[in-house]
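Engineer: My questions will all concern the structure given below.
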Amino acid sequence: MSGAGLSPVARELFDLPVLVLARRLVGKVLVHETEAGIAAGRIVETEAYRGPEDLAAHSARGRRTKRTEAMFGPPGRAYMFLLYGTSWAFNVVSGREDVPHAVLVRALEPLVGLELMASRRKRAATARELTNGPGKLTQALGIDGAAYGVDLARGKLRLCEGKAGPIGRSPRINIDYAGPWVTRPWRFFEKGNRHVSVAPRI
DNA sequence: GAATAGATTGTCT
DNA sequence: GACAATCTATTCT
């Protein structure tokens, strides 16, 4: 297969406004190499988080802590956080230093290493259930807090070029606490893709 | 298919 | 001590 035609994205990609980056990341391929092998998937769903004004973001109102520190760093790094004690979520940091923006990757379409993903996600009954959610895709690719702050333009965990079909948008998922920001259509997904986590409601 | 409740742990107040 | 950008099993249509 010799790389399956996968080449890393240019670093300049990350130097875009967060809403533009969230849209452009759809179709890109997330690759993770481990001792167990290579696993990779096409990104089919993202969400933009634009602190400090966006109350849905962890960096809302400029909150800068040990947990959110990566969002204040340079773009193109990974921001990882743990949800409900059980699920890791993977984000791509956007915005220059001290601008705490990030893009949450919510779903992938499995491309490489399907068997490896299945062995990591024993609960998944179907191929679709391997990576159709933020916590599921990190489990399938073997990503966790150890990836906090790593450079995504190169390395074991990296983003590679890929293409996407027509892209739709909708409000973000499960941020009911965010007041007026709840309805902002800052979720991007590939239209009609079966691997999108939650069917867009219209 | 849709709705509901319980799990589980690092981080923050 | 409470919470969270979720997942899973269970229950009901």
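In the structure tokens, chains take the letters A, B, ... in the order shown, each chain's residues start at 1, and ligands count up from 1 in the order shown.
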Using only C-alpha atoms (C1' of nucleotides), what does the table of chain C residues within 9 Å of chain A look like, with each row giving the shortest atom pair and its distance in Å to one decimal, sorted by chain and ascending number, as a tab-separated table?

Structural biologist:
residue	atom	partner	partner_atom	distance
C:DC3	C1'	A:Tyr84	CA	8.7
C:DA4	C1'	A:Tyr84	CA	5.5
C:DA5	C1'	A:Ile175	CA	6.7
C:DT6	C1'	A:Ser87	CA	6.2
C:DC7	C1'	A:Gly135	CA	7.5
C:DT8	C1'	A:Arg123	CA	8.5

Engineer: Based on only C-alpha atoms (C1' of nucleotides), which of the residues in chain B come within 10 Å of chain A? I want them as a ChimeraX atom specification.

Structural biologist: /B:7-12

Engineer: Between CA of Lys122 in chain A and C1' of DC12 in chain C, what is the spacing in Å?

Structural biologist: 26.4 Å

Engineer: Find the distance between CA of Pro52 in chain A and CA of Gly76 in chain A and write it in Å to one decimal.

Structural biologist: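 Between CA of Pro52 in chain A and CA of Gly76 in chain A the gap is 18.7 Å.
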
Engineer: What is the distance, in Å and to one decimal place, between CA of Pro17 in chain A and CA of Arg194 in chain A?

Structural biologist: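 Here the two named atoms are 27.7 Å from each other.
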
Engineer: What's the 12 Å shell around Leu116 in chain A, counting only C-alpha atoms (C1' of nucleotides), without same-chain residues fewer than 3 positions away, as a PyMOL selection string?

Structural biologist: chain A and resi 32-40+110-113+119-122+127+130+139-142

Engineer: Quick one: write out the picked residues with N, CA, C and O atoms as a PDB file, in the first residue's frame?

Structural biologist:
ATOM      1  N   HIS A  32      -2.651   7.489  13.051  1.00  0.00           N
ATOM      2  CA  HIS A  32      -1.930   7.233  14.296  1.00  0.00           C
ATOM      3  C   HIS A  32      -1.139   5.937  14.187  1.00  0.00           C
ATOM      4  O   HIS A  32      -1.703   4.875  13.947  1.00  0.00           O
ATOM      5  N   GLU A  33       0.187   6.073  14.344  1.00  0.00           N
ATOM      6  CA  GLU A  33       1.077   4.911  14.324  1.00  0.00           C
ATOM      7  C   GLU A  33       1.410   4.512  15.750  1.00  0.00           C
ATOM      8  O   GLU A  33       1.846   5.349  16.534  1.00  0.00           O
ATOM      9  N   THR A  34       1.227   3.249  16.055  1.00  0.00           N
ATOM     10  CA  THR A  34       1.634   2.737  17.364  1.00  0.00           C
ATOM     11  C   THR A  34       2.376   1.422  17.158  1.00  0.00           C
ATOM     12  O   THR A  34       2.493   0.939  16.024  1.00  0.00           O
ATOM     13  N   GLU A  35       2.848   0.838  18.243  1.00  0.00           N
ATOM     14  CA  GLU A  35       3.533  -0.451  18.136  1.00  0.00           C
ATOM     15  C   GLU A  35       2.577  -1.520  17.624  1.00  0.00           C
ATOM     16  O   GLU A  35       2.996  -2.493  17.013  1.00  0.00           O
ATOM     17  N   ALA A  36       1.297  -1.323  17.880  1.00  0.00           N
ATOM     18  CA  ALA A  36       0.307  -2.315  17.444  1.00  0.00           C
ATOM     19  C   ALA A  36       0.027  -2.215  15.946  1.00  0.00           C
ATOM     20  O   ALA A  36      -0.554  -3.125  15.359  1.00  0.00           O
ATOM     21  N   GLY A  37       0.424  -1.103  15.323  1.00  0.00           N
ATOM     22  CA  GLY A  37       0.184  -0.932  13.897  1.00  0.00           C
ATOM     23  C   GLY A  37      -0.350   0.455  13.576  1.00  0.00           C
ATOM     24  O   GLY A  37      -0.392   1.331  14.427  1.00  0.00           O
ATOM     25  N   ILE A  38      -0.757   0.627  12.308  1.00  0.00           N
ATOM     26  CA  ILE A  38      -1.265   1.916  11.858  1.00  0.00           C
ATOM     27  C   ILE A  38      -2.782   1.888  11.790  1.00  0.00           C
ATOM     28  O   ILE A  38      -3.374   0.914  11.318  1.00  0.00           O
ATOM     29  N   ALA A  39      -3.407   2.959  12.247  1.00  0.00           N
ATOM     30  CA  ALA A  39      -4.849   3.120  12.078  1.00  0.00           C
ATOM     31  C   ALA A  39      -5.088   4.527  11.549  1.00  0.00           C
ATOM     32  O   ALA A  39      -4.403   5.467  11.948  1.00  0.00           O
ATOM     33  N   ALA A  40      -6.042   4.653  10.630  1.00  0.00           N
ATOM     34  CA  ALA A  40      -6.314   5.971  10.057  1.00  0.00           C
ATOM     35  C   ALA A  40      -7.775   6.073   9.634  1.00  0.00           C
ATOM     36  O   ALA A  40      -8.407   5.071   9.294  1.00  0.00           O
ATOM     37  N   PRO A 110     -13.575   5.039   8.964  1.00  0.00           N
ATOM     38  CA  PRO A 110     -12.390   4.175   9.052  1.00  0.00           C
ATOM     39  C   PRO A 110     -11.797   3.911   7.670  1.00  0.00           C
ATOM     40  O   PRO A 110     -12.517   3.613   6.722  1.00  0.00           O
ATOM     41  N   LEU A 111     -10.458   4.037   7.552  1.00  0.00           N
ATOM     42  CA  LEU A 111      -9.778   3.825   6.272  1.00  0.00           C
ATOM     43  C   LEU A 111      -8.750   2.706   6.348  1.00  0.00           C
ATOM     44  O   LEU A 111      -8.717   1.822   5.514  1.00  0.00           O
ATOM     45  N   VAL A 112      -7.879   2.798   7.353  1.00  0.00           N
ATOM     46  CA  VAL A 112      -6.765   1.863   7.480  1.00  0.00           C
ATOM     47  C   VAL A 112      -6.763   1.249   8.877  1.00  0.00           C
ATOM     48  O   VAL A 112      -7.017   1.956   9.856  1.00  0.00           O
ATOM     49  N   GLY A 113      -6.497  -0.047   8.960  1.00  0.00           N
ATOM     50  CA  GLY A 113      -6.386  -0.689  10.270  1.00  0.00           C
ATOM     51  C   GLY A 113      -7.719  -1.019  10.907  1.00  0.00           C
ATOM     52  O   GLY A 113      -7.879  -0.903  12.118  1.00  0.00           O
ATOM     53  N   SER A 119     -10.322  -4.357  17.464  1.00  0.00           N
ATOM     54  CA  SER A 119      -9.763  -4.992  18.662  1.00  0.00           C
ATOM     55  C   SER A 119      -9.732  -4.008  19.830  1.00  0.00           C
ATOM     56  O   SER A 119      -9.822  -4.398  20.983  1.00  0.00           O
ATOM     57  N   ARG A 120      -9.610  -2.705  19.512  1.00  0.00           N
ATOM     58  CA  ARG A 120      -9.620  -1.690  20.573  1.00  0.00           C
ATOM     59  C   ARG A 120     -11.041  -1.355  21.002  1.00  0.00           C
ATOM     60  O   ARG A 120     -11.267  -0.849  22.086  1.00  0.00           O
ATOM     61  N   ARG A 121     -11.998  -1.568  20.122  1.00  0.00           N
ATOM     62  CA  ARG A 121     -13.398  -1.221  20.410  1.00  0.00           C
ATOM     63  C   ARG A 121     -14.257  -2.478  20.391  1.00  0.00           C
ATOM     64  O   ARG A 121     -15.082  -2.674  19.511  1.00  0.00           O
ATOM     65  N   LYS A 122     -14.071  -3.268  21.428  1.00  0.00           N
ATOM     66  CA  LYS A 122     -14.765  -4.555  21.468  1.00  0.00           C
ATOM     67  C   LYS A 122     -16.291  -4.388  21.545  1.00  0.00           C
ATOM     68  O   LYS A 122     -17.034  -5.282  21.177  1.00  0.00           O
ATOM     69  N   ALA A 127     -19.148  -1.701  11.759  1.00  0.00           N
ATOM     70  CA  ALA A 127     -18.032  -0.856  11.334  1.00  0.00           C
ATOM     71  C   ALA A 127     -18.338   0.599  11.647  1.00  0.00           C
ATOM     72  O   ALA A 127     -17.450   1.370  12.028  1.00  0.00           O
ATOM     73  N   LEU A 130     -17.368   1.971  15.071  1.00  0.00           N
ATOM     74  CA  LEU A 130     -15.955   2.084  15.433  1.00  0.00           C
ATOM     75  C   LEU A 130     -15.574   3.522  15.755  1.00  0.00           C
ATOM     76  O   LEU A 130     -14.865   3.781  16.720  1.00  0.00           O
ATOM     77  N   GLN A 139     -10.688   6.075  20.985  1.00  0.00           N
ATOM     78  CA  GLN A 139     -10.475   4.702  21.433  1.00  0.00           C
ATOM     79  C   GLN A 139     -10.031   3.832  20.258  1.00  0.00           C
ATOM     80  O   GLN A 139      -9.100   3.033  20.377  1.00  0.00           O
ATOM     81  N   ALA A 140     -10.663   4.000  19.114  1.00  0.00           N
ATOM     82  CA  ALA A 140     -10.347   3.186  17.941  1.00  0.00           C
ATOM     83  C   ALA A 140      -8.917   3.427  17.444  1.00  0.00           C
ATOM     84  O   ALA A 140      -8.240   2.510  17.002  1.00  0.00           O
ATOM     85  N   LEU A 141      -8.453   4.688  17.532  1.00  0.00           N
ATOM     86  CA  LEU A 141      -7.107   4.998  17.061  1.00  0.00           C
ATOM     87  C   LEU A 141      -6.061   4.869  18.159  1.00  0.00           C
ATOM     88  O   LEU A 141      -4.869   5.033  17.907  1.00  0.00           O
ATOM     89  N   GLY A 142      -6.495   4.620  19.391  1.00  0.00           N
ATOM     90  CA  GLY A 142      -5.534   4.473  20.474  1.00  0.00           C
ATOM     91  C   GLY A 142      -4.936   5.800  20.930  1.00  0.00           C
ATOM     92  O   GLY A 142      -3.780   5.880  21.305  1.00  0.00           O
TER      93      GLY A 142
END

Engineer: Using only C-alpha atoms (C1' of nucleotides), which protein or nucleic acid residues come within 12 Å of DT13 in chain C? Drop anything in the same chain fewer than 5 positions from it, and give the result as a PyMOL selection string.

Structural biologist: chain B and resi 1-3

Engineer: Just the alpha helix (DSSP H) stuff from chain A, please, per backbone DSSP, written as a list in words.

Structural biologist: Val18, Leu19, Val20, Leu21, Ala22, Arg23, Arg24, Leu25, Leu114, Glu115, Leu116, Met117, Ala118, Ser119, Arg120, Pro134, Gly135, Lys136, Leu137, Thr138, Gln139, Ala140 and Leu141 of chain A

Engineer: Once DSSP has gone over the backbone, tell me which residues of range 25-104 of chain A are in strand (DSSP E or B), as a PyMOL selection string.

Structural biologist: chain A and resi 29-34+37-50+77-83+87-94+101-104

Engineer: Pick the closest to Glu190 in chain A from A:Ala107, A:Ala178, A:Val26, A:Ile143: which is it, counting only C-alpha atoms?

Structural biologist: A:Val26
